[in-house]
Amino acid sequence: MGLRWDLFCQVIDNFGDVGVGWRLARDLAARGETVRFWIDDPSALQWMAPGAPPAGLAIRRWSDSLDEPEVGDVVIETFGCELPQAFVARMAGRRPQPPLWLNLEYLSAEPYVERSHGLNSPQFSGAGQGLNKQFFYPGFTARTGGLLREPQMLAEQASFDAEAWLAKLGLQRRAGERVVSLFAYPNPRLNELLQALGEQATLLLVCPGAAQQQVPALLKASPRPNLRWHALPYLSQPEFDRLLWACDLNFVRGEDSFVRAQWAGKPFVWQIYPQADGAHGPKLEAFMDLWLSQAKPEPAGQWRTLWRAWNGLQDARQDAQQDARLSLPDLHQAQTHALAWREHLVSVEDLSSQLLKLSRKTS
Ligand code: TRH
């Protein structure tokens with residue numbers, strides 16, 4: 001029988017908090033669980049998840065959780081968002097057994113993830129005294145919590161018709177043209193990217209954001225005859241996934257689109273969420289180390305150079321003044337690598353399945 005899950009999400013900025021939380025809520029509900037998705041700012045769900053929520057999934061206002069008398073069997077706080085103390089107190093009072101309390105952490109390929117996944121944090125004071133909070137780290141290896149992967153995703157992708165999907169947007173790939181998506185934070189290297197893309201026939205699909213203003217301005221200043229572009233509206237989350245499946249190369253960012261680009265099995269470039277303390281640099285390198293560990297040295301070097309350039313980061317061994325040049329490596333070779341990487345990821349148990357197992361062990 002399905003359990004009751006309380007999933008808490010606080011929107012810090014952008015769409016990753018709600019994107020990851022919603023995707024998890026949706027996946028759990030689709031697997032027969034009953035989920036309440038507590039969120040402080042649900043505005044992005046209007047376009048990310050239009051229409052009524054799926055069966056088993058309720059969207060609830062964060063502030064309403066303060067007076068909510070019922071506590072589920074599993075409580076998840078996403079990205080260390082602090083739960084309302086009144087709710088935690090009710091968790092501590094839940095009889096006969098308190099809920100399984102999990103903190104779903106940020107995704108990283110750094111070595112601390114395998115060490116920290118599953119660690120307990122007993123609560124010795126405060127509203128939750130006597131409770132235990134457990135850390136749950138998503139990741140790319142068997143000793144982590146894995147990645148979100150809906151059971152039907154690969155089958156849906158296998159029967160996906162990219163050209164028909166593009167046609168729904170009124171777009172048609174021209175002979176020999178590559179299709180590239182761009183979902184990015186404001187990036188000073190955008191003009192260089194347009195230059196690199198314009199070296200071959202390219203259709204660039206630009207997601208909402210600053211780039212939708214910058215691309216036409218930059219192309220006006222430096223016309224690139226081989227490059228045409230299209231401004232995309234906000235897509236629902238399932239349609240966003242299809243966008244990534246439809247393209248030959250995806251520029252993604254943050255956390256959720258980064259994961260979805262890997263499931264798309266297509267070459268991709270990750271713009272990591274920049275952190276003021278520079279912690280994003282080692283995080284980017286750690287992922288590249290893992291992702292490229294089976295790649296041939298030459299293309300691996302080219303992809304590293306491109307990723308560092310797009311992120312405004314340098315190889316620590318390079319002259320600090322010298323910016324890496326932004327150029328695109330061979331996409332055919334990269335396509336083979338993307339599929340091999342995806343095969344590796346499929347060998348890791350997906351995040352929801354791991355959560356379900358954990359919840360059955362403890363409830
Ligand atoms: O928006 P992001 O940059 O989100 C973040 C946040 O900055 C967050 O604070 C940070 O902690 C995290 O990254 C690492 O990128 P992300 O994670 O890819 O989230 C975007 C979500 O928006 C993802 O679920 C896909 C979705 N999306 C759509 O559904 N339709 C669209 O048209 C677009 C452009 C995105």
# chains A, B, ... in the order shown; residues from 1 in each chain; ligands from 1
$ residues_near_ligand --ligand "ligand 1" --cutoff "10 Å" --atoms "only C-alpha atoms and all ligand atoms" --output "short mmCIF file (atom, residue, chain, number, x, y, z; two decimals) with N, CA, C and O atoms, in the first residue's frame"
data_model
loop_
_atom_site.label_atom_id
_atom_site.label_comp_id
_atom_site.auth_asym_id
_atom_site.auth_seq_id
_atom_site.Cartn_x
_atom_site.Cartn_y
_atom_site.Cartn_z
N GLN A 10 11.33 25.07 -0.65
CA GLN A 10 11.42 26.52 -0.52
C GLN A 10 12.15 27.04 -1.76
O GLN A 10 13.22 26.54 -2.09
N VAL A 11 11.55 28.02 -2.41
CA VAL A 11 12.17 28.53 -3.64
C VAL A 11 13.19 29.60 -3.25
O VAL A 11 12.83 30.66 -2.75
N ILE A 12 14.46 29.30 -3.50
CA ILE A 12 15.53 30.26 -3.19
C ILE A 12 15.67 31.22 -4.38
O ILE A 12 15.63 32.43 -4.23
N ASP A 13 15.85 30.66 -5.56
CA ASP A 13 15.90 31.47 -6.78
C ASP A 13 15.67 30.54 -7.97
O ASP A 13 15.65 29.33 -7.83
N ASN A 14 15.50 31.12 -9.12
CA ASN A 14 15.36 30.34 -10.36
C ASN A 14 14.30 29.23 -10.22
O ASN A 14 13.34 29.37 -9.46
N PHE A 15 14.56 28.12 -10.92
CA PHE A 15 13.51 27.10 -11.00
C PHE A 15 13.95 25.72 -10.52
O PHE A 15 13.20 24.75 -10.63
N GLY A 16 15.18 25.62 -10.02
CA GLY A 16 15.71 24.29 -9.66
C GLY A 16 15.05 23.71 -8.42
O GLY A 16 14.79 22.50 -8.37
N ASP A 17 14.76 24.55 -7.45
CA ASP A 17 14.16 24.04 -6.21
C ASP A 17 12.80 23.43 -6.53
O ASP A 17 12.51 22.29 -6.17
N VAL A 18 11.98 24.22 -7.20
CA VAL A 18 10.65 23.72 -7.54
C VAL A 18 10.75 22.60 -8.59
O VAL A 18 10.02 21.61 -8.52
N GLY A 19 11.68 22.73 -9.50
CA GLY A 19 11.82 21.72 -10.56
C GLY A 19 12.16 20.34 -10.02
O GLY A 19 11.54 19.35 -10.40
N VAL A 20 13.13 20.28 -9.12
CA VAL A 20 13.53 18.98 -8.55
C VAL A 20 12.41 18.45 -7.64
O VAL A 20 12.02 17.28 -7.72
N GLY A 21 11.88 19.35 -6.79
CA GLY A 21 10.83 18.93 -5.85
C GLY A 21 9.61 18.41 -6.58
O GLY A 21 9.07 17.33 -6.25
N TRP A 22 9.19 19.13 -7.59
CA TRP A 22 8.00 18.72 -8.33
C TRP A 22 8.22 17.40 -9.06
O TRP A 22 7.37 16.53 -9.09
N ARG A 23 9.37 17.26 -9.64
CA ARG A 23 9.65 16.03 -10.39
C ARG A 23 9.62 14.82 -9.45
O ARG A 23 9.07 13.76 -9.78
N ALA A 44 5.90 29.17 -10.39
CA ALA A 44 6.48 28.55 -11.58
C ALA A 44 5.71 27.29 -12.01
O ALA A 44 5.82 26.85 -13.16
N LEU A 45 4.93 26.73 -11.09
CA LEU A 45 4.18 25.51 -11.45
C LEU A 45 3.11 25.81 -12.50
O LEU A 45 2.64 24.90 -13.19
N TRP A 47 3.44 27.18 -15.34
CA TRP A 47 3.89 26.75 -16.66
C TRP A 47 4.62 25.41 -16.61
O TRP A 47 4.61 24.64 -17.56
N MET A 48 5.23 25.11 -15.47
CA MET A 48 5.99 23.85 -15.37
C MET A 48 5.05 22.65 -15.28
O MET A 48 5.35 21.56 -15.75
N ALA A 49 3.89 22.88 -14.66
CA ALA A 49 2.94 21.78 -14.44
C ALA A 49 1.52 22.31 -14.61
O ALA A 49 0.76 22.36 -13.65
N PHE A 79 16.87 20.27 -0.17
CA PHE A 79 17.99 21.22 -0.14
C PHE A 79 18.10 21.94 1.20
O PHE A 79 18.35 23.15 1.25
N GLU A 105 19.56 16.32 -0.43
CA GLU A 105 20.62 17.31 -0.63
C GLU A 105 20.83 17.66 -2.11
O GLU A 105 20.24 17.05 -3.00
N TYR A 106 21.71 18.64 -2.32
CA TYR A 106 22.10 19.03 -3.68
C TYR A 106 22.88 17.91 -4.35
O TYR A 106 23.54 17.11 -3.69
N LEU A 107 22.82 17.93 -5.66
CA LEU A 107 23.54 16.93 -6.45
C LEU A 107 24.99 17.35 -6.68
O LEU A 107 25.25 18.48 -7.07
N SER A 108 25.88 16.42 -6.43
CA SER A 108 27.29 16.68 -6.72
C SER A 108 28.00 15.36 -6.98
O SER A 108 27.58 14.32 -6.46
N SER A 181 19.82 23.43 -28.10
CA SER A 181 19.00 24.18 -27.14
C SER A 181 19.91 25.00 -26.22
O SER A 181 21.06 24.62 -25.95
N LEU A 182 19.36 26.09 -25.71
CA LEU A 182 20.13 26.95 -24.81
C LEU A 182 19.27 27.36 -23.63
O LEU A 182 18.30 28.11 -23.77
N PHE A 183 19.63 26.85 -22.45
CA PHE A 183 19.00 27.25 -21.19
C PHE A 183 20.16 27.67 -20.30
O PHE A 183 20.97 26.84 -19.90
N ALA A 184 20.24 28.98 -20.04
CA ALA A 184 21.49 29.49 -19.45
C ALA A 184 21.26 30.66 -18.51
O ALA A 184 20.28 31.39 -18.64
N TYR A 185 22.19 30.82 -17.57
CA TYR A 185 22.27 32.06 -16.80
C TYR A 185 22.92 33.10 -17.73
O TYR A 185 23.61 32.73 -18.69
N VAL A 206 16.15 28.88 -28.01
CA VAL A 206 16.56 29.61 -26.81
C VAL A 206 15.41 29.64 -25.80
O VAL A 206 14.31 30.12 -26.09
N CYS A 207 15.68 29.15 -24.60
CA CYS A 207 14.68 29.13 -23.52
C CYS A 207 14.51 30.55 -22.97
O CYS A 207 15.40 31.40 -23.11
N PRO A 208 13.38 30.78 -22.28
CA PRO A 208 13.17 32.11 -21.69
C PRO A 208 14.31 32.49 -20.75
O PRO A 208 14.89 31.65 -20.08
N GLY A 209 14.59 33.79 -20.72
CA GLY A 209 15.70 34.29 -19.90
C GLY A 209 16.42 35.40 -20.66
O GLY A 209 16.01 35.75 -21.78
N LEU A 232 11.90 30.19 -27.44
CA LEU A 232 10.90 29.24 -26.93
C LEU A 232 10.08 29.88 -25.82
O LEU A 232 10.60 30.70 -25.06
N PRO A 233 8.82 29.48 -25.69
CA PRO A 233 8.06 29.89 -24.51
C PRO A 233 8.47 28.99 -23.34
O PRO A 233 9.22 28.01 -23.54
N TYR A 234 8.01 29.28 -22.12
CA TYR A 234 8.19 28.30 -21.04
C TYR A 234 7.44 27.03 -21.42
O TYR A 234 6.27 27.09 -21.81
N LEU A 235 8.08 25.91 -21.29
CA LEU A 235 7.47 24.61 -21.60
C LEU A 235 7.12 23.91 -20.30
O LEU A 235 7.77 24.14 -19.27
N SER A 236 6.14 23.02 -20.35
CA SER A 236 5.88 22.20 -19.16
C SER A 236 7.09 21.29 -18.95
O SER A 236 7.88 21.08 -19.88
N GLN A 237 7.23 20.75 -17.76
CA GLN A 237 8.42 19.94 -17.49
C GLN A 237 8.54 18.73 -18.44
O GLN A 237 9.64 18.50 -18.98
N PRO A 238 7.46 18.00 -18.70
CA PRO A 238 7.62 16.90 -19.66
C PRO A 238 8.00 17.39 -21.07
O PRO A 238 8.78 16.74 -21.77
N GLU A 239 7.49 18.55 -21.45
CA GLU A 239 7.84 19.08 -22.77
C GLU A 239 9.29 19.59 -22.79
O GLU A 239 9.97 19.50 -23.81
N PHE A 240 9.73 20.12 -21.67
CA PHE A 240 11.14 20.54 -21.58
C PHE A 240 12.05 19.33 -21.80
O PHE A 240 13.05 19.41 -22.52
N ASP A 241 11.69 18.20 -21.20
CA ASP A 241 12.48 16.98 -21.41
C ASP A 241 12.53 16.63 -22.90
O ASP A 241 13.58 16.25 -23.42
N LEU A 243 12.24 18.63 -25.40
CA LEU A 243 13.14 19.58 -26.08
C LEU A 243 14.57 19.02 -26.08
O LEU A 243 15.26 19.03 -27.10
N VAL A 252 22.59 23.36 -20.74
CA VAL A 252 21.70 23.32 -19.58
C VAL A 252 22.41 23.95 -18.39
O VAL A 252 23.58 24.31 -18.46
N ARG A 253 21.68 24.02 -17.27
CA ARG A 253 22.24 24.75 -16.12
C ARG A 253 21.72 24.12 -14.82
O ARG A 253 20.86 23.24 -14.84
N GLY A 254 22.19 24.65 -13.69
CA GLY A 254 21.60 24.30 -12.39
C GLY A 254 21.70 22.83 -12.06
O GLY A 254 22.78 22.23 -12.11
N GLU A 255 20.56 22.23 -11.74
CA GLU A 255 20.57 20.82 -11.31
C GLU A 255 19.63 19.94 -12.13
O GLU A 255 20.03 18.92 -12.68
N ASP A 256 18.37 20.34 -12.20
CA ASP A 256 17.42 19.42 -12.83
C ASP A 256 17.64 19.31 -14.34
O ASP A 256 17.64 18.20 -14.89
N SER A 257 17.81 20.44 -15.03
CA SER A 257 18.01 20.35 -16.48
C SER A 257 19.33 19.65 -16.79
O SER A 257 19.47 18.96 -17.82
N PHE A 258 20.30 19.78 -15.91
CA PHE A 258 21.60 19.11 -16.03
C PHE A 258 21.40 17.58 -16.03
O PHE A 258 21.96 16.85 -16.85
N VAL A 259 20.55 17.12 -15.11
CA VAL A 259 20.27 15.67 -15.05
C VAL A 259 19.48 15.23 -16.28
O VAL A 259 19.78 14.20 -16.91
N ARG A 260 18.51 16.03 -16.65
CA ARG A 260 17.66 15.63 -17.78
C ARG A 260 18.47 15.58 -19.08
O ARG A 260 18.17 14.79 -19.96
N ALA A 261 19.47 16.43 -19.20
CA ALA A 261 20.32 16.40 -20.39
C ALA A 261 21.09 15.08 -20.45
O ALA A 261 21.33 14.54 -21.53
N TRP A 270 27.19 21.95 -19.46
CA TRP A 270 26.57 22.32 -18.18
C TRP A 270 27.08 23.67 -17.71
O TRP A 270 28.29 23.85 -17.55
N GLN A 271 26.16 24.59 -17.52
CA GLN A 271 26.52 25.84 -16.84
C GLN A 271 26.13 25.65 -15.38
O GLN A 271 24.95 25.57 -15.03
N ILE A 272 27.13 25.56 -14.54
CA ILE A 272 26.90 25.26 -13.13
C ILE A 272 26.40 26.51 -12.42
O ILE A 272 26.73 27.63 -12.81
N TYR A 273 25.58 26.31 -11.38
CA TYR A 273 25.07 27.44 -10.59
C TYR A 273 26.26 28.08 -9.88
O TYR A 273 26.93 27.43 -9.07
N PRO A 274 26.55 29.36 -10.18
CA PRO A 274 27.75 29.96 -9.58
C PRO A 274 27.57 30.30 -8.11
O PRO A 274 26.54 30.86 -7.73
N GLN A 275 28.53 29.95 -7.29
CA GLN A 275 28.46 30.24 -5.86
C GLN A 275 29.50 31.28 -5.50
O GLN A 275 30.62 31.25 -6.02
#
$ residues_around --residues "Arg242 of chain A" --least-positions-apart "6" --cutoff "9 Å" --atoms "only C-alpha atoms" --output "ChimeraX atom specification"
/A:157,160,162,165,264
$ atom_distance --atom1 "atom CA of Asn250 of chain A" --atom2 "atom CA of Pro267 of chain A"
6.6 Å
$ select_by_dssp --residues "segment 181-253 of chain A" --states "helix (DSSP H, G or I)" --output "JSON, numbers by chain"
{"A": [190, 191, 192, 193, 194, 195, 196, 197, 211, 212, 213, 214, 215, 216, 217, 218, 219, 220, 221, 237, 238, 239, 240, 241, 242, 243, 244, 245, 246]}
$ residues_around --residues "Pro223 of chain A" --least-positions-apart "4" --cutoff "12 Å" --atoms "only C-alpha atoms" --output "PDB file with N, CA and C atoms, in the first residue's frame"
ATOM      1  N   ASN A 191      28.397  35.612 -26.975  1.00  0.00           N
ATOM      2  CA  ASN A 191      28.750  35.983 -28.346  1.00  0.00           C
ATOM      3  C   ASN A 191      29.716  34.971 -28.966  1.00  0.00           C
ATOM      4  N   LEU A 194      27.798  31.977 -30.018  1.00  0.00           N
ATOM      5  CA  LEU A 194      27.101  32.177 -31.293  1.00  0.00           C
ATOM      6  C   LEU A 194      28.084  32.053 -32.459  1.00  0.00           C
ATOM      7  N   GLN A 195      29.258  32.564 -32.243  1.00  0.00           N
ATOM      8  CA  GLN A 195      30.290  32.451 -33.290  1.00  0.00           C
ATOM      9  C   GLN A 195      30.606  30.977 -33.569  1.00  0.00           C
ATOM     10  N   GLY A 198      27.748  29.292 -35.292  1.00  0.00           N
ATOM     11  CA  GLY A 198      27.567  29.785 -36.657  1.00  0.00           C
ATOM     12  C   GLY A 198      28.580  29.237 -37.638  1.00  0.00           C
ATOM     13  N   GLU A 199      29.530  28.448 -37.163  1.00  0.00           N
ATOM     14  CA  GLU A 199      30.511  27.856 -38.080  1.00  0.00           C
ATOM     15  C   GLU A 199      29.890  26.737 -38.925  1.00  0.00           C
ATOM     16  N   VAL A 215      20.567  37.314 -27.654  1.00  0.00           N
ATOM     17  CA  VAL A 215      20.874  36.646 -28.928  1.00  0.00           C
ATOM     18  C   VAL A 215      20.528  37.541 -30.120  1.00  0.00           C
ATOM     19  N   PRO A 216      19.301  38.116 -30.207  1.00  0.00           N
ATOM     20  CA  PRO A 216      19.026  38.953 -31.381  1.00  0.00           C
ATOM     21  C   PRO A 216      19.927  40.185 -31.448  1.00  0.00           C
ATOM     22  N   ALA A 217      20.250  40.752 -30.270  1.00  0.00           N
ATOM     23  CA  ALA A 217      21.118  41.937 -30.281  1.00  0.00           C
ATOM     24  C   ALA A 217      22.514  41.566 -30.793  1.00  0.00           C
ATOM     25  N   LEU A 218      23.015  40.435 -30.331  1.00  0.00           N
ATOM     26  CA  LEU A 218      24.364  40.021 -30.748  1.00  0.00           C
ATOM     27  C   LEU A 218      24.392  39.642 -32.232  1.00  0.00           C
ATOM     28  N   LEU A 219      23.313  39.018 -32.694  1.00  0.00           N
ATOM     29  CA  LEU A 219      23.278  38.624 -34.111  1.00  0.00           C
ATOM     30  C   LEU A 219      23.103  39.841 -35.016  1.00  0.00           C
ATOM     31  N   LEU A 227      23.443  30.588 -38.873  1.00  0.00           N
ATOM     32  CA  LEU A 227      22.783  30.376 -37.587  1.00  0.00           C
ATOM     33  C   LEU A 227      21.398  31.022 -37.594  1.00  0.00           C
ATOM     34  N   ARG A 228      20.361  30.211 -37.387  1.00  0.00           N
ATOM     35  CA  ARG A 228      19.045  30.814 -37.159  1.00  0.00           C
ATOM     36  C   ARG A 228      18.608  30.439 -35.760  1.00  0.00           C
ATOM     37  N   TRP A 229      17.728  31.228 -35.201  1.00  0.00           N
ATOM     38  CA  TRP A 229      17.357  30.975 -33.808  1.00  0.00           C
ATOM     39  C   TRP A 229      15.870  31.166 -33.603  1.00  0.00           C
TER      40      TRP A 229
END
$ closest_atom_pairs --of "segment 40-130 of chain A" --to "segment 283-297 of chain A" --cutoff "9 Å" --atoms "only C-alpha atoms" --output "Markdown table"
| residue | atom | partner | partner_atom | distance |
| --- | --- | --- | --- | --- |
| A:Ser108 | CA | A:Lys283 | CA | 6.5 |
| A:Ala109 | CA | A:Phe287 | CA | 5.0 |
| A:Glu110 | CA | A:Ala286 | CA | 5.4 |
| A:Pro111 | CA | A:Ala286 | CA | 8.1 |
$ residues_around --residues "segment 67-76 of chain A" --least-positions-apart "4" --cutoff "6 Å" --atoms "only C-alpha atoms" --output "MDAnalysis selection string"
chainID A and resid 4:7 99:103
$ atom_distance --atom1 "atom CA of Gly281 of chain A" --atom2 "atom CA of Gly312 of chain A"
9.6 Å
$ closest_residue --among "A:His230, A:Gly145, A:Leu358, A:Asp40" --to "Leu169 of chain A" --atoms "only C-alpha atoms"
A:His230
$ closest_residue --among "A:Gln262, A:Gln302, A:Asn311, A:Ser43" --to "Leu154 of chain A" --atoms "only C-alpha atoms"
A:Gln262
$ select_by_dssp --residues "segment 15-239 of chain A" --states "strand (DSSP E)" --output "ChimeraX atom specification"
/A:34-39,57-61,74-78,100-104,120-122,132-136,178-182,202-206,227-231
$ atom_distance --atom1 "atom CA of Gln97 of chain A" --atom2 "atom CA of Gly130 of chain A"
11.6 Å
$ closest_residue --among "A:Ala158, A:Arg325, A:Leu83, A:His337" --to "Lys133 of chain A" --atoms "only C-alpha atoms"
A:Leu83
$ decode --residues "segment 219-288 of chain A" --atoms "C-alpha atoms" --output "mmCIF file, in the first residue's frame"
data_model
loop_
_atom_site.group_PDB
_atom_site.id
_atom_site.type_symbol
_atom_site.label_atom_id
_atom_site.label_comp_id
_atom_site.auth_asym_id
_atom_site.auth_seq_id
_atom_site.Cartn_x
_atom_site.Cartn_y
_atom_site.Cartn_z
ATOM 1 C CA LEU A 219 23.278 38.624 -34.111
ATOM 2 C CA LYS A 220 22.334 42.105 -35.253
ATOM 3 C CA ALA A 221 25.791 43.369 -34.359
ATOM 4 C CA SER A 222 27.530 40.336 -35.925
ATOM 5 C CA PRO A 223 25.256 38.552 -38.419
ATOM 6 C CA ARG A 224 25.918 34.805 -38.684
ATOM 7 C CA PRO A 225 24.319 33.485 -41.885
ATOM 8 C CA ASN A 226 24.560 29.822 -40.853
ATOM 9 C CA LEU A 227 22.783 30.376 -37.587
ATOM 10 C CA ARG A 228 19.045 30.814 -37.159
ATOM 11 C CA TRP A 229 17.357 30.975 -33.808
ATOM 12 C CA HIS A 230 13.947 30.648 -32.207
ATOM 13 C CA ALA A 231 12.682 31.973 -28.865
ATOM 14 C CA LEU A 232 10.902 29.236 -26.934
ATOM 15 C CA PRO A 233 8.062 29.891 -24.505
ATOM 16 C CA TYR A 234 8.186 28.303 -21.045
ATOM 17 C CA LEU A 235 7.470 24.609 -21.597
ATOM 18 C CA SER A 236 5.878 22.197 -19.164
ATOM 19 C CA GLN A 237 8.421 19.941 -17.486
ATOM 20 C CA PRO A 238 7.616 16.899 -19.663
ATOM 21 C CA GLU A 239 7.843 19.084 -22.772
ATOM 22 C CA PHE A 240 11.135 20.539 -21.578
ATOM 23 C CA ASP A 241 12.480 16.984 -21.414
ATOM 24 C CA ARG A 242 11.333 16.441 -24.997
ATOM 25 C CA LEU A 243 13.139 19.582 -26.080
ATOM 26 C CA LEU A 244 16.360 17.997 -24.819
ATOM 27 C CA TRP A 245 15.560 14.742 -26.618
ATOM 28 C CA ALA A 246 14.909 16.660 -29.858
ATOM 29 C CA CYS A 247 18.266 18.457 -29.945
ATOM 30 C CA ASP A 248 21.729 17.361 -31.051
ATOM 31 C CA LEU A 249 23.396 19.421 -28.343
ATOM 32 C CA ASN A 250 21.932 20.915 -25.161
ATOM 33 C CA PHE A 251 23.184 23.786 -23.048
ATOM 34 C CA VAL A 252 21.702 23.316 -19.582
ATOM 35 C CA ARG A 253 22.244 24.750 -16.120
ATOM 36 C CA GLY A 254 21.602 24.302 -12.387
ATOM 37 C CA GLU A 255 20.575 20.824 -11.311
ATOM 38 C CA ASP A 256 17.419 19.421 -12.830
ATOM 39 C CA SER A 257 18.012 20.346 -16.484
ATOM 40 C CA PHE A 258 21.600 19.108 -16.031
ATOM 41 C CA VAL A 259 20.273 15.674 -15.051
ATOM 42 C CA ARG A 260 17.664 15.630 -17.781
ATOM 43 C CA ALA A 261 20.319 16.402 -20.389
ATOM 44 C CA GLN A 262 22.146 13.265 -19.278
ATOM 45 C CA TRP A 263 19.008 11.171 -19.609
ATOM 46 C CA ALA A 264 18.477 12.625 -23.081
ATOM 47 C CA GLY A 265 21.592 10.718 -24.153
ATOM 48 C CA LYS A 266 22.798 13.709 -26.173
ATOM 49 C CA PRO A 267 25.993 15.773 -25.915
ATOM 50 C CA PHE A 268 25.539 18.630 -23.485
ATOM 51 C CA VAL A 269 27.260 21.553 -21.830
ATOM 52 C CA TRP A 270 26.568 22.323 -18.185
ATOM 53 C CA GLN A 271 26.520 25.841 -16.837
ATOM 54 C CA ILE A 272 26.896 25.255 -13.130
ATOM 55 C CA TYR A 273 25.069 27.439 -10.589
ATOM 56 C CA PRO A 274 27.753 29.961 -9.585
ATOM 57 C CA GLN A 275 28.455 30.240 -5.857
ATOM 58 C CA ALA A 276 29.991 33.302 -4.256
ATOM 59 C CA ASP A 277 32.655 31.249 -2.456
ATOM 60 C CA GLY A 278 33.802 29.590 -5.694
ATOM 61 C CA ALA A 279 32.641 26.130 -4.564
ATOM 62 C CA HIS A 280 31.208 25.557 -8.035
ATOM 63 C CA GLY A 281 34.688 25.224 -9.577
ATOM 64 C CA PRO A 282 35.686 21.963 -7.835
ATOM 65 C CA LYS A 283 32.114 20.721 -8.231
ATOM 66 C CA LEU A 284 32.302 21.157 -11.988
ATOM 67 C CA GLU A 285 35.717 19.469 -12.149
ATOM 68 C CA ALA A 286 34.493 16.542 -10.029
ATOM 69 C CA PHE A 287 31.651 15.890 -12.410
ATOM 70 C CA MET A 288 33.884 16.158 -15.472
#
